[in-house]
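Coordinates as given in entry_31.txt (compact mmCIF, C-alpha atoms and all ligand atoms):
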# COMPACT_ATOMS: atom_id res chain seq x y z
CA MET A 1 21.07 -19.60 98.98
CA ASN A 2 23.17 -19.16 95.87
CA ASP A 3 24.26 -15.74 94.57
CA PHE A 4 22.16 -15.98 91.43
CA ILE A 5 19.02 -16.29 93.55
CA LEU A 6 20.06 -13.59 96.01
CA ASN A 7 20.95 -11.11 93.23
CA ASN A 8 17.70 -11.65 91.39
CA LEU A 9 15.65 -11.36 94.57
CA LYS A 10 17.43 -8.08 95.24
CA LYS A 11 16.50 -6.77 91.77
CA LEU A 12 12.82 -7.66 92.27
CA LYS A 13 12.77 -6.09 95.75
CA LYS A 14 14.41 -2.91 94.42
CA LYS A 15 11.50 -2.57 91.98
CA LYS A 16 9.10 -3.11 94.92
CA ILE A 17 7.57 -6.15 93.23
CA PRO A 18 5.40 -7.93 95.81
CA ASN A 19 6.12 -11.60 96.59
CA PRO A 20 9.57 -11.71 94.92
CA GLU A 21 10.33 -15.25 96.12
CA ILE A 22 7.13 -16.61 94.64
CA ASP A 23 7.65 -14.81 91.32
CA LEU A 24 11.27 -15.88 91.04
CA ARG A 25 10.37 -19.50 91.69
CA ILE A 26 7.61 -19.40 89.04
CA LEU A 27 9.94 -17.88 86.44
CA LEU A 28 12.70 -20.39 87.20
CA ASN A 29 10.26 -23.25 86.89
CA ASN A 30 8.99 -21.89 83.60
CA SER A 31 12.52 -21.95 82.20
CA ARG A 32 13.69 -25.24 83.76
CA LEU A 33 15.32 -27.92 81.65
CA SER A 34 13.98 -30.99 83.43
CA LYS A 35 10.67 -32.02 84.94
CA ASN A 36 11.92 -31.63 88.51
CA GLU A 37 10.43 -28.71 90.44
CA ILE A 38 12.98 -26.00 91.24
CA ILE A 39 13.29 -24.88 94.86
CA LEU A 40 15.13 -21.63 95.65
CA SER A 41 17.16 -23.03 98.57
CA ASN A 42 18.98 -25.70 96.53
CA PHE A 43 18.88 -24.13 93.06
CA LYS A 44 21.69 -24.85 90.56
CA ILE A 45 22.16 -22.67 87.48
CA ASN A 46 22.34 -25.70 85.15
CA GLN A 47 18.68 -26.44 85.93
CA ILE A 48 17.42 -23.64 83.68
CA ASN A 49 17.58 -22.26 80.18
CA ILE A 50 19.27 -19.02 81.19
CA LYS A 51 18.34 -17.10 78.01
CA LYS A 52 14.67 -17.94 78.41
CA PHE A 53 14.78 -17.07 82.11
CA THR A 54 16.49 -13.71 81.51
CA LEU A 55 13.89 -12.67 78.93
CA MET A 56 11.03 -13.49 81.29
CA PHE A 57 12.76 -11.98 84.31
CA ASN A 58 13.32 -8.65 82.51
CA ARG A 59 9.63 -8.54 81.60
CA ARG A 60 8.77 -8.96 85.29
CA LEU A 61 11.20 -6.16 86.19
CA ALA A 62 9.17 -4.01 83.75
CA TYR A 63 6.09 -4.82 85.89
CA GLU A 64 4.45 -7.24 83.46
CA PRO A 65 2.23 -9.59 85.51
CA ILE A 66 3.49 -13.16 85.90
CA SER A 67 0.31 -14.49 84.25
CA LYS A 68 1.01 -12.56 81.04
CA ILE A 69 4.65 -13.69 81.00
CA ILE A 70 3.88 -17.39 81.41
CA ASN A 71 0.51 -17.09 79.55
CA LYS A 72 -1.36 -18.88 82.28
CA LYS A 73 -3.91 -17.98 84.95
CA SER A 74 -5.89 -20.32 87.19
CA PHE A 75 -9.64 -19.83 87.61
CA TRP A 76 -12.16 -22.18 89.24
CA LYS A 77 -11.03 -25.69 88.24
CA ASP A 78 -8.81 -24.91 85.23
CA ASP A 79 -5.72 -23.12 84.02
CA PHE A 80 -6.43 -20.67 81.20
CA PHE A 81 -4.24 -19.32 78.40
CA VAL A 82 -4.11 -15.51 78.79
CA ASN A 83 -2.32 -12.74 76.88
CA GLN A 84 -2.44 -8.95 76.53
CA PHE A 85 -5.81 -9.12 74.75
CA VAL A 86 -7.80 -10.51 77.70
CA LEU A 87 -8.37 -9.60 81.30
CA ASP A 88 -6.86 -12.12 83.71
CA PRO A 89 -9.79 -13.94 85.31
CA ARG A 90 -9.99 -12.88 88.99
CA PRO A 91 -10.88 -14.85 92.15
CA GLU A 92 -13.89 -12.59 92.88
CA THR A 93 -15.47 -13.69 89.60
CA GLU A 94 -15.49 -17.28 90.88
CA ILE A 95 -18.36 -16.25 93.17
CA LEU A 96 -20.45 -15.86 90.05
CA ILE A 97 -19.94 -19.58 89.33
CA GLU A 98 -20.84 -20.47 92.94
CA GLU A 99 -24.04 -18.43 92.75
CA SER A 100 -25.01 -20.15 89.49
CA GLN A 101 -24.61 -23.52 91.21
CA LYS A 102 -26.87 -22.41 94.08
CA LEU A 103 -29.61 -21.27 91.69
CA PHE A 104 -29.50 -24.30 89.38
CA PHE A 105 -28.70 -27.06 91.84
CA ASN A 106 -29.53 -29.77 89.28
CA ASN A 107 -26.21 -29.84 87.44
CA SER A 108 -27.54 -32.09 84.68
CA SER A 109 -30.39 -29.76 83.67
CA ASN A 110 -30.43 -28.71 80.07
CA ILE A 111 -30.16 -24.93 80.57
CA LYS A 112 -29.28 -22.29 77.99
CA ILE A 113 -26.56 -19.93 79.18
CA LEU A 114 -25.28 -16.61 77.80
CA ASP A 115 -21.89 -15.19 78.91
CA ILE A 116 -21.56 -11.51 77.90
CA GLY A 117 -17.96 -10.28 77.49
CA THR A 118 -16.35 -13.69 77.78
CA GLY A 119 -12.70 -12.53 77.47
CA SER A 120 -10.54 -15.64 78.06
CA GLY A 121 -13.72 -17.75 78.21
CA ALA A 122 -13.14 -18.45 81.92
CA ILE A 123 -16.78 -18.03 83.03
CA ALA A 124 -18.31 -19.92 80.09
CA ILE A 125 -15.83 -22.79 80.44
CA SER A 126 -16.29 -23.04 84.22
CA LEU A 127 -20.08 -23.11 83.79
CA ALA A 128 -19.70 -25.81 81.13
CA ARG A 129 -17.74 -27.85 83.69
CA GLU A 130 -20.49 -27.46 86.32
CA PHE A 131 -23.55 -27.88 84.07
CA GLU A 132 -22.76 -30.88 81.93
CA ASN A 133 -25.82 -30.54 79.67
CA ALA A 134 -25.91 -26.77 79.36
CA ASP A 135 -25.94 -25.14 75.95
CA ILE A 136 -23.68 -22.07 76.17
CA LEU A 137 -23.23 -18.97 74.02
CA ALA A 138 -20.22 -16.79 74.84
CA ILE A 139 -19.90 -13.38 73.20
CA ASP A 140 -17.30 -10.62 73.12
CA ILE A 141 -16.80 -7.48 71.06
CA SER A 142 -13.04 -8.04 70.78
CA GLU A 143 -11.80 -10.23 67.92
CA ASP A 144 -8.53 -10.82 69.79
CA ALA A 145 -10.34 -11.92 72.95
CA ILE A 146 -12.50 -14.29 70.87
CA LYS A 147 -9.30 -15.94 69.58
CA VAL A 148 -8.09 -16.49 73.16
CA ALA A 149 -11.45 -17.88 74.28
CA ASP A 150 -11.50 -20.17 71.24
CA LYS A 151 -8.04 -21.53 72.13
CA ASN A 152 -9.13 -22.21 75.71
CA ILE A 153 -12.43 -23.81 74.67
CA ARG A 154 -10.70 -26.09 72.13
CA GLU A 155 -7.89 -27.06 74.52
CA LYS A 156 -10.53 -28.18 77.00
CA LYS A 157 -12.47 -29.97 74.25
CA LEU A 158 -15.63 -27.96 74.95
CA HIS A 159 -16.14 -26.61 71.42
CA ASN A 160 -19.21 -28.80 70.94
CA ARG A 161 -20.89 -27.23 73.95
CA ILE A 162 -19.81 -23.57 73.89
CA LYS A 163 -20.63 -21.42 70.87
CA LEU A 164 -18.44 -18.36 70.54
CA GLU A 165 -19.54 -15.22 68.67
CA LYS A 166 -18.11 -11.76 68.13
CA LYS A 167 -21.10 -9.59 69.00
CA THR A 168 -22.64 -7.31 71.62
CA ILE A 169 -25.92 -7.94 73.48
CA ASN A 170 -27.72 -5.67 71.00
CA ASN A 171 -27.32 -8.45 68.42
CA ILE A 172 -28.80 -11.18 70.67
CA ASN A 173 -32.36 -12.22 69.87
CA ASP A 174 -32.47 -15.66 71.49
CA ASN A 175 -33.74 -16.39 75.04
CA PHE A 176 -31.72 -17.86 77.92
CA ASP A 177 -32.19 -19.50 81.35
CA LEU A 178 -29.02 -18.04 82.83
CA ILE A 179 -27.29 -14.85 81.71
CA VAL A 180 -23.96 -13.96 83.28
CA SER A 181 -21.56 -11.09 82.82
CA ASN A 182 -18.47 -9.55 84.29
CA PRO A 183 -18.56 -6.36 82.20
CA PRO A 184 -16.00 -3.53 82.10
CA TYR A 185 -16.91 -1.36 85.11
CA LEU A 186 -14.08 1.06 85.95
CA THR A 187 -14.84 4.78 86.02
CA ASN A 188 -12.67 7.22 84.07
CA LYS A 189 -11.15 8.35 87.35
CA GLU A 190 -10.35 4.79 88.44
CA LEU A 191 -8.79 4.10 85.03
CA GLY A 192 -6.48 7.05 85.61
CA ASN A 193 -5.34 5.63 88.96
CA ILE A 194 -4.85 1.90 88.26
CA SER A 195 -1.50 0.19 88.77
CA GLN A 196 0.89 0.03 85.84
CA GLU A 197 0.56 -3.79 85.89
CA ILE A 198 -3.08 -3.32 84.89
CA ARG A 199 -2.77 -0.19 82.74
CA ASN A 200 0.04 -1.52 80.57
CA PHE A 201 -0.90 -5.18 80.37
CA GLU A 202 -4.68 -5.56 80.55
CA PRO A 203 -6.81 -4.41 77.56
CA LEU A 204 -8.62 -1.09 78.07
CA ILE A 205 -11.73 -2.51 76.40
CA SER A 206 -12.10 -4.99 79.28
CA LEU A 207 -11.96 -2.25 81.94
CA ASP A 208 -13.62 0.89 80.62
CA GLY A 209 -17.19 1.24 81.89
CA GLY A 210 -17.58 4.86 80.72
CA GLU A 211 -17.46 8.12 82.70
CA ASP A 212 -19.11 6.71 85.86
CA GLY A 213 -18.34 3.03 85.15
CA LEU A 214 -22.02 2.13 84.84
CA ASN A 215 -22.60 2.12 81.05
CA PHE A 216 -22.95 -1.64 80.76
CA TYR A 217 -25.43 -1.90 83.65
CA ARG A 218 -27.66 0.72 81.99
CA GLU A 219 -27.59 -1.26 78.75
CA PHE A 220 -28.29 -4.51 80.61
CA ALA A 221 -31.30 -3.02 82.43
CA LYS A 222 -32.95 -2.32 79.07
CA LYS A 223 -31.98 -5.42 77.13
CA ILE A 224 -31.64 -8.38 79.51
CA PRO A 225 -35.35 -8.81 80.46
CA LYS A 226 -36.13 -9.20 76.74
CA ILE A 227 -33.78 -12.17 76.35
CA MET A 228 -34.64 -14.09 79.54
CA ASN A 229 -36.86 -17.17 79.69
CA SER A 230 -39.60 -16.97 82.34
CA ASN A 231 -37.68 -18.70 85.18
CA ALA A 232 -34.33 -17.29 84.18
CA TYR A 233 -31.66 -15.64 86.31
CA PHE A 234 -29.21 -12.86 85.52
CA ILE A 235 -25.96 -12.71 87.51
CA ILE A 236 -23.48 -9.85 87.24
CA GLU A 237 -20.24 -8.77 88.77
CA ILE A 238 -20.09 -5.12 89.90
CA GLY A 239 -17.38 -2.73 91.06
CA ALA A 240 -16.77 -2.39 94.80
CA LYS A 241 -18.72 0.88 95.13
CA GLN A 242 -21.43 0.26 92.55
CA TYR A 243 -24.09 -1.63 94.51
CA ASP A 244 -26.35 1.36 95.31
CA HIS A 245 -26.06 2.75 91.80
CA CYS A 246 -26.86 -0.63 90.29
CA ARG A 247 -29.89 -1.10 92.58
CA GLU A 248 -31.18 2.21 91.28
CA ILE A 249 -30.47 1.42 87.61
CA PHE A 250 -32.16 -1.98 87.79
CA SER A 251 -35.10 -0.75 89.90
CA VAL A 252 -36.67 0.70 86.77
CA SER A 253 -36.13 -2.45 84.69
CA SER A 254 -38.34 -5.52 84.45
CA LEU A 255 -35.91 -7.40 86.64
CA LYS A 256 -36.44 -8.46 90.26
CA PHE A 257 -33.43 -8.08 92.53
CA GLU A 258 -32.84 -11.38 94.35
CA LYS A 259 -29.61 -11.04 96.30
CA LYS A 260 -26.09 -9.68 96.50
CA THR A 261 -22.91 -11.48 97.52
CA LYS A 262 -19.71 -10.04 98.94
CA ASP A 263 -16.19 -10.95 97.84
CA LEU A 264 -13.36 -12.03 100.16
CA GLN A 265 -12.59 -8.35 100.93
CA LYS A 266 -16.21 -8.01 102.10
CA LYS A 267 -17.08 -5.74 99.14
CA ASP A 268 -20.45 -6.12 97.39
CA ARG A 269 -19.45 -7.91 94.22
CA ILE A 270 -22.16 -10.09 92.70
CA MET A 271 -25.83 -9.25 92.08
CA VAL A 272 -28.52 -11.78 91.17
CA PHE A 273 -31.80 -10.92 89.40
CA SER A 274 -34.79 -12.85 88.17
CA LYS A 275 -37.44 -11.78 85.65
CA LEU A 276 -40.39 -9.83 87.04
C1 LIG A 301 -14.05 -7.38 82.58
S1 LIG A 301 -13.73 -8.31 81.10
C2 LIG A 301 -14.35 -9.90 81.59
C3 LIG A 301 -13.65 -11.06 80.95
C4 LIG A 301 -14.07 -12.43 81.51
N1 LIG A 301 -15.50 -12.64 81.36
C5 LIG A 301 -13.69 -12.56 82.98
O1 LIG A 301 -14.57 -12.44 83.83
O2 LIG A 301 -12.51 -12.79 83.28
C6 LIG A 301 -14.98 -7.68 80.03
C7 LIG A 301 -15.02 -8.25 78.61
O3 LIG A 301 -16.10 -7.60 77.91
C8 LIG A 301 -15.71 -7.37 76.56
N2 LIG A 301 -16.52 -6.26 76.04
C9 LIG A 301 -16.31 -4.93 76.14
N3 LIG A 301 -17.32 -4.26 75.55
C10 LIG A 301 -18.20 -5.18 75.09
C11 LIG A 301 -19.44 -5.12 74.39
N4 LIG A 301 -20.01 -3.95 74.08
N5 LIG A 301 -20.06 -6.27 74.08
C12 LIG A 301 -19.53 -7.47 74.39
N6 LIG A 301 -18.34 -7.60 75.05
C13 LIG A 301 -17.70 -6.46 75.39
C14 LIG A 301 -14.22 -7.08 76.64
O4 LIG A 301 -13.60 -7.30 75.41
C15 LIG A 301 -13.79 -8.02 77.77
O5 LIG A 301 -13.34 -9.25 77.23

Take the structure in the file and give it back as C-alpha cells.
Amino acid sequence: MNDFILNNLKKLKKKKIPNPEIDLRILLNNSRLSKNEIILSNFKINQINIKKFTLMFNRRLAYEPISKIINKKSFWKDDFFVNQFVLDPRPETEILIEESQKLFFNNSSNIKILDIGTGSGAIAISLAREFENADILAIDISEDAIKVADKNIREKKLHNRIKLEKKTINNINDNFDLIVSNPPYLTNKELGNISQEIRNFEPLISLDGGEDGLNFYREFAKKIPKIMNSNAYFIIEIGAKQYDHCREIFSVSSLKFEKKTKDLQKKDRIMVFSKL
C-alpha cells in the first residue's frame, strides 16, 4: 500500500476512530476526480482532489461523523441529505417501517399518515415509498430540520404526496390512520455521557427527552388518541430501557398496546398501539 494511505490510516488509528479503512476509502471516493471507484491497495494520489480530501479528512480527525462530512446517510431504500441540523436516520428506526408494512399489508390503500419529528424526512419518505397512495403529513419543531426534509422530499419528487409543516402535535387537529414517531428520548444523564460524535454533531433538540427521557411519551399518551381514526395504529421508537416506563405511561391512555419489537441488539425498540 502506498505511503499516503499508510500515513492517513495511522492518523485515524491514533485518534481511535473505528473502521479507519472504511472511512478513508469513503473520503477518498468523495474527493476523487474520475468516476472510477478508488481502492486502497492500488491508490494513486492523482486520483483525488487533494485539497478537498484534506479538508474532509481533518473533519474526520476531529470526530465528525462521515455522514455529516459527505452529507449523506442511507436509510431503508434511499440515501438522504443530512447535516448538523438533523439526526442521522438509524437502522433501528427501519423496524418502524417494517411494522407499518405488517399492519397495513395493502400497500395501495389510501391511508392518512402523520410523522411526528420528521428530522431529515427519512420515515415519511420511506413510508411514501411503501404506501403509494398514502397522504402524509410530516411535522417538526425545528425550522432547520424542515429545510432538510424539504430538500430530501423534493429531490425524491415526493412533494405532491408529503406535506411538511413546522409545528408540534399540540397544533394537530386532523385525524390519521397511522401515526409514527421517533421522538427525542435521551435522559439528562445519557445526554451527559454520549460520544463526542453525537454531542458535537447531532442537534440537541433531536435527542433531549427531558430529565427522565420520557417527556414526549407522556405528551403522546394524552394527545394521540384524539387524532386517531377508529382503526388507526400508533407506532413509536423508544430508548433501550424505556419499555416498562412506556407501558405504564400508556396504560392510562385510551390506547391499546398491541406489540413490541426488538432491534438487532435485542433491545426493546418499537411499540405498536391501536385505539381503545
Ligand atoms: C430523534 S429525531 C428523529 C428524526 C427522524 N424522524 C428519524 O427518525 O431519523 C426527533 C425529531 O423531533 C423533532 N422535535 C423535537 N421536539 C419536537 C416537538 N415538540 N414537536 C415536533 N418535533 C419535535 C426534532 O427537531 C427532531 O428532528

- May I have the residues within 8 Å of ligand LIG 301 (chain A), computed using all atoms listed in the file, as a PyMOL selection string? chain A and resi 85-90+93+115-124+139-142+145+166-169+181-185+203+205-208+216

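Between Leu178 of chain A and the residues A:Phe81, A:Phe104, A:Tyr243, A:Tyr217, the shortest atom-to-atom distance, using all atoms listed in the file, involves A:Phe104.
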
- Task: Would you be able to write out as number ranges by chain which residues have an atom within 8 Å of (-39.9, -5.4, 83.7) in the file's coordinates, counting all atoms listed in the file?
- Result: A: 225, 252-255, 275-276

- Task: Find the spatial neighbours of His159 of chain A, counting all atoms listed in the file, within a cut-off of 12 Å - ignore same-chain residues fewer than 2 positions away - and output them as a list in words.
- Result: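 In the requested format, the answer is Gly121, Ala124, Ile125, Ala128, Asp135, Ile136, Leu137, Ala138, Ala149, Asp150, Lys151, Asn152, Ile153, Arg154, Glu155, Lys156, Lys157, Arg161, Ile162, Lys163 and Leu164 of chain A.
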
Store the residues picked out above, limited to C-alpha atoms, as an mmCIF file, in the frame of the given file.
data_model
loop_
_atom_site.group_PDB
_atom_site.id
_atom_site.type_symbol
_atom_site.label_atom_id
_atom_site.label_comp_id
_atom_site.auth_asym_id
_atom_site.auth_seq_id
_atom_site.Cartn_x
_atom_site.Cartn_y
_atom_site.Cartn_z
ATOM 1 C CA GLY A 121 -13.720 -17.750 78.210
ATOM 2 C CA ALA A 124 -18.310 -19.920 80.090
ATOM 3 C CA ILE A 125 -15.830 -22.790 80.440
ATOM 4 C CA ALA A 128 -19.700 -25.810 81.130
ATOM 5 C CA ASP A 135 -25.940 -25.140 75.950
ATOM 6 C CA ILE A 136 -23.680 -22.070 76.170
ATOM 7 C CA LEU A 137 -23.230 -18.970 74.020
ATOM 8 C CA ALA A 138 -20.220 -16.790 74.840
ATOM 9 C CA ALA A 149 -11.450 -17.880 74.280
ATOM 10 C CA ASP A 150 -11.500 -20.170 71.240
ATOM 11 C CA LYS A 151 -8.040 -21.530 72.130
ATOM 12 C CA ASN A 152 -9.130 -22.210 75.710
ATOM 13 C CA ILE A 153 -12.430 -23.810 74.670
ATOM 14 C CA ARG A 154 -10.700 -26.090 72.130
ATOM 15 C CA GLU A 155 -7.890 -27.060 74.520
ATOM 16 C CA LYS A 156 -10.530 -28.180 77.000
ATOM 17 C CA LYS A 157 -12.470 -29.970 74.250
ATOM 18 C CA ARG A 161 -20.890 -27.230 73.950
ATOM 19 C CA ILE A 162 -19.810 -23.570 73.890
ATOM 20 C CA LYS A 163 -20.630 -21.420 70.870
ATOM 21 C CA LEU A 164 -18.440 -18.360 70.540
#

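Residue nearest Glu94 of chain A, chosen from A:Leu12, A:Ile249, A:Met56, A:Val180 and counting all atoms listed in the file: A:Val180.
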
- Query: Quick one: of A:Glu99, A:Glu64, A:Glu211, A:Glu258, who's nearest to Leu186 of chain A, counting only C-alpha atoms?
  - Reply: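 Between A:Glu99, A:Glu64, A:Glu211, A:Glu258, the residue approaching Leu186 of chain A most closely is A:Glu211.
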
- Message: Just want the 9 Å neighbourhood of Pro65 of chain A, counted on all atoms listed in the file, with same-chain residues fewer than 5 positions away dropped. Output as a VMD selection string.
- Response: chain A and resid 59 to 60 70 197 to 198 201

- Note on the structure: Separating atom CA of Ile194 of chain A from atom CA of Leu55 of chain A, to the nearest tenth of an Å, is a gap of 25.5 Å

- Task: Could you tell me how far atom CA of Lys35 of chain A lies from atom CA of Lys77 of chain A, in Å and to one decimal?
- Result: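 These atoms are spaced 22.8 Å apart.
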
Could you give me segment 14-31 of chain A completed to N, CA and C atoms, formatted as a PDB file, in the frame of the given file?
ATOM      1  N   LYS A  14      14.083  -4.305  94.743  1.00  0.00           N
ATOM      2  CA  LYS A  14      14.410  -2.910  94.420  1.00  0.00           C
ATOM      3  C   LYS A  14      13.274  -2.269  93.612  1.00  0.00           C
ATOM      4  N   LYS A  15      12.633  -3.073  92.786  1.00  0.00           N
ATOM      5  CA  LYS A  15      11.500  -2.570  91.980  1.00  0.00           C
ATOM      6  C   LYS A  15      10.196  -2.632  92.771  1.00  0.00           C
ATOM      7  N   LYS A  16      10.280  -3.017  94.042  1.00  0.00           N
ATOM      8  CA  LYS A  16       9.100  -3.110  94.920  1.00  0.00           C
ATOM      9  C   LYS A  16       8.043  -4.079  94.374  1.00  0.00           C
ATOM     10  N   ILE A  17       8.502  -5.140  93.755  1.00  0.00           N
ATOM     11  CA  ILE A  17       7.570  -6.150  93.230  1.00  0.00           C
ATOM     12  C   ILE A  17       7.145  -7.039  94.408  1.00  0.00           C
ATOM     13  N   PRO A  18       5.838  -7.134  94.659  1.00  0.00           N
ATOM     14  CA  PRO A  18       5.400  -7.930  95.810  1.00  0.00           C
ATOM     15  C   PRO A  18       5.679  -9.414  95.596  1.00  0.00           C
ATOM     16  N   ASN A  19       5.861 -10.141  96.655  1.00  0.00           N
ATOM     17  CA  ASN A  19       6.120 -11.600  96.590  1.00  0.00           C
ATOM     18  C   ASN A  19       7.281 -11.999  95.674  1.00  0.00           C
ATOM     19  N   PRO A  20       8.467 -11.397  95.850  1.00  0.00           N
ATOM     20  CA  PRO A  20       9.570 -11.710  94.920  1.00  0.00           C
ATOM     21  C   PRO A  20       9.971 -13.182  94.918  1.00  0.00           C
ATOM     22  N   GLU A  21       9.929 -13.838  96.084  1.00  0.00           N
ATOM     23  CA  GLU A  21      10.330 -15.250  96.120  1.00  0.00           C
ATOM     24  C   GLU A  21       9.403 -16.111  95.266  1.00  0.00           C
ATOM     25  N   ILE A  22       8.107 -15.814  95.401  1.00  0.00           N
ATOM     26  CA  ILE A  22       7.130 -16.610  94.640  1.00  0.00           C
ATOM     27  C   ILE A  22       7.338 -16.385  93.139  1.00  0.00           C
ATOM     28  N   ASP A  23       7.483 -15.113  92.747  1.00  0.00           N
ATOM     29  CA  ASP A  23       7.650 -14.810  91.320  1.00  0.00           C
ATOM     30  C   ASP A  23       8.920 -15.439  90.759  1.00  0.00           C
ATOM     31  N   LEU A  24      10.003 -15.330  91.526  1.00  0.00           N
ATOM     32  CA  LEU A  24      11.270 -15.880  91.040  1.00  0.00           C
ATOM     33  C   LEU A  24      11.140 -17.392  90.840  1.00  0.00           C
ATOM     34  N   ARG A  25      10.528 -18.044  91.791  1.00  0.00           N
ATOM     35  CA  ARG A  25      10.370 -19.500  91.690  1.00  0.00           C
ATOM     36  C   ARG A  25       9.524 -19.874  90.446  1.00  0.00           C
ATOM     37  N   ILE A  26       8.462 -19.109  90.215  1.00  0.00           N
ATOM     38  CA  ILE A  26       7.610 -19.400  89.040  1.00  0.00           C
ATOM     39  C   ILE A  26       8.421 -19.224  87.739  1.00  0.00           C
ATOM     40  N   LEU A  27       9.182 -18.134  87.667  1.00  0.00           N
ATOM     41  CA  LEU A  27       9.940 -17.880  86.440  1.00  0.00           C
ATOM     42  C   LEU A  27      11.040 -18.924  86.232  1.00  0.00           C
ATOM     43  N   LEU A  28      11.670 -19.341  87.314  1.00  0.00           N
ATOM     44  CA  LEU A  28      12.700 -20.390  87.200  1.00  0.00           C
ATOM     45  C   LEU A  28      12.068 -21.683  86.715  1.00  0.00           C
ATOM     46  N   ASN A  29      10.913 -21.993  87.281  1.00  0.00           N
ATOM     47  CA  ASN A  29      10.260 -23.250  86.890  1.00  0.00           C
ATOM     48  C   ASN A  29       9.725 -23.210  85.468  1.00  0.00           C
ATOM     49  N   ASN A  30       9.447 -22.002  84.982  1.00  0.00           N
ATOM     50  CA  ASN A  30       8.990 -21.890  83.600  1.00  0.00           C
ATOM     51  C   ASN A  30      10.147 -21.844  82.608  1.00  0.00           C
ATOM     52  N   SER A  31      11.378 -21.867  83.122  1.00  0.00           N
ATOM     53  CA  SER A  31      12.520 -21.950  82.200  1.00  0.00           C
ATOM     54  C   SER A  31      13.405 -23.157  82.560  1.00  0.00           C
TER      55      SER A  31
END
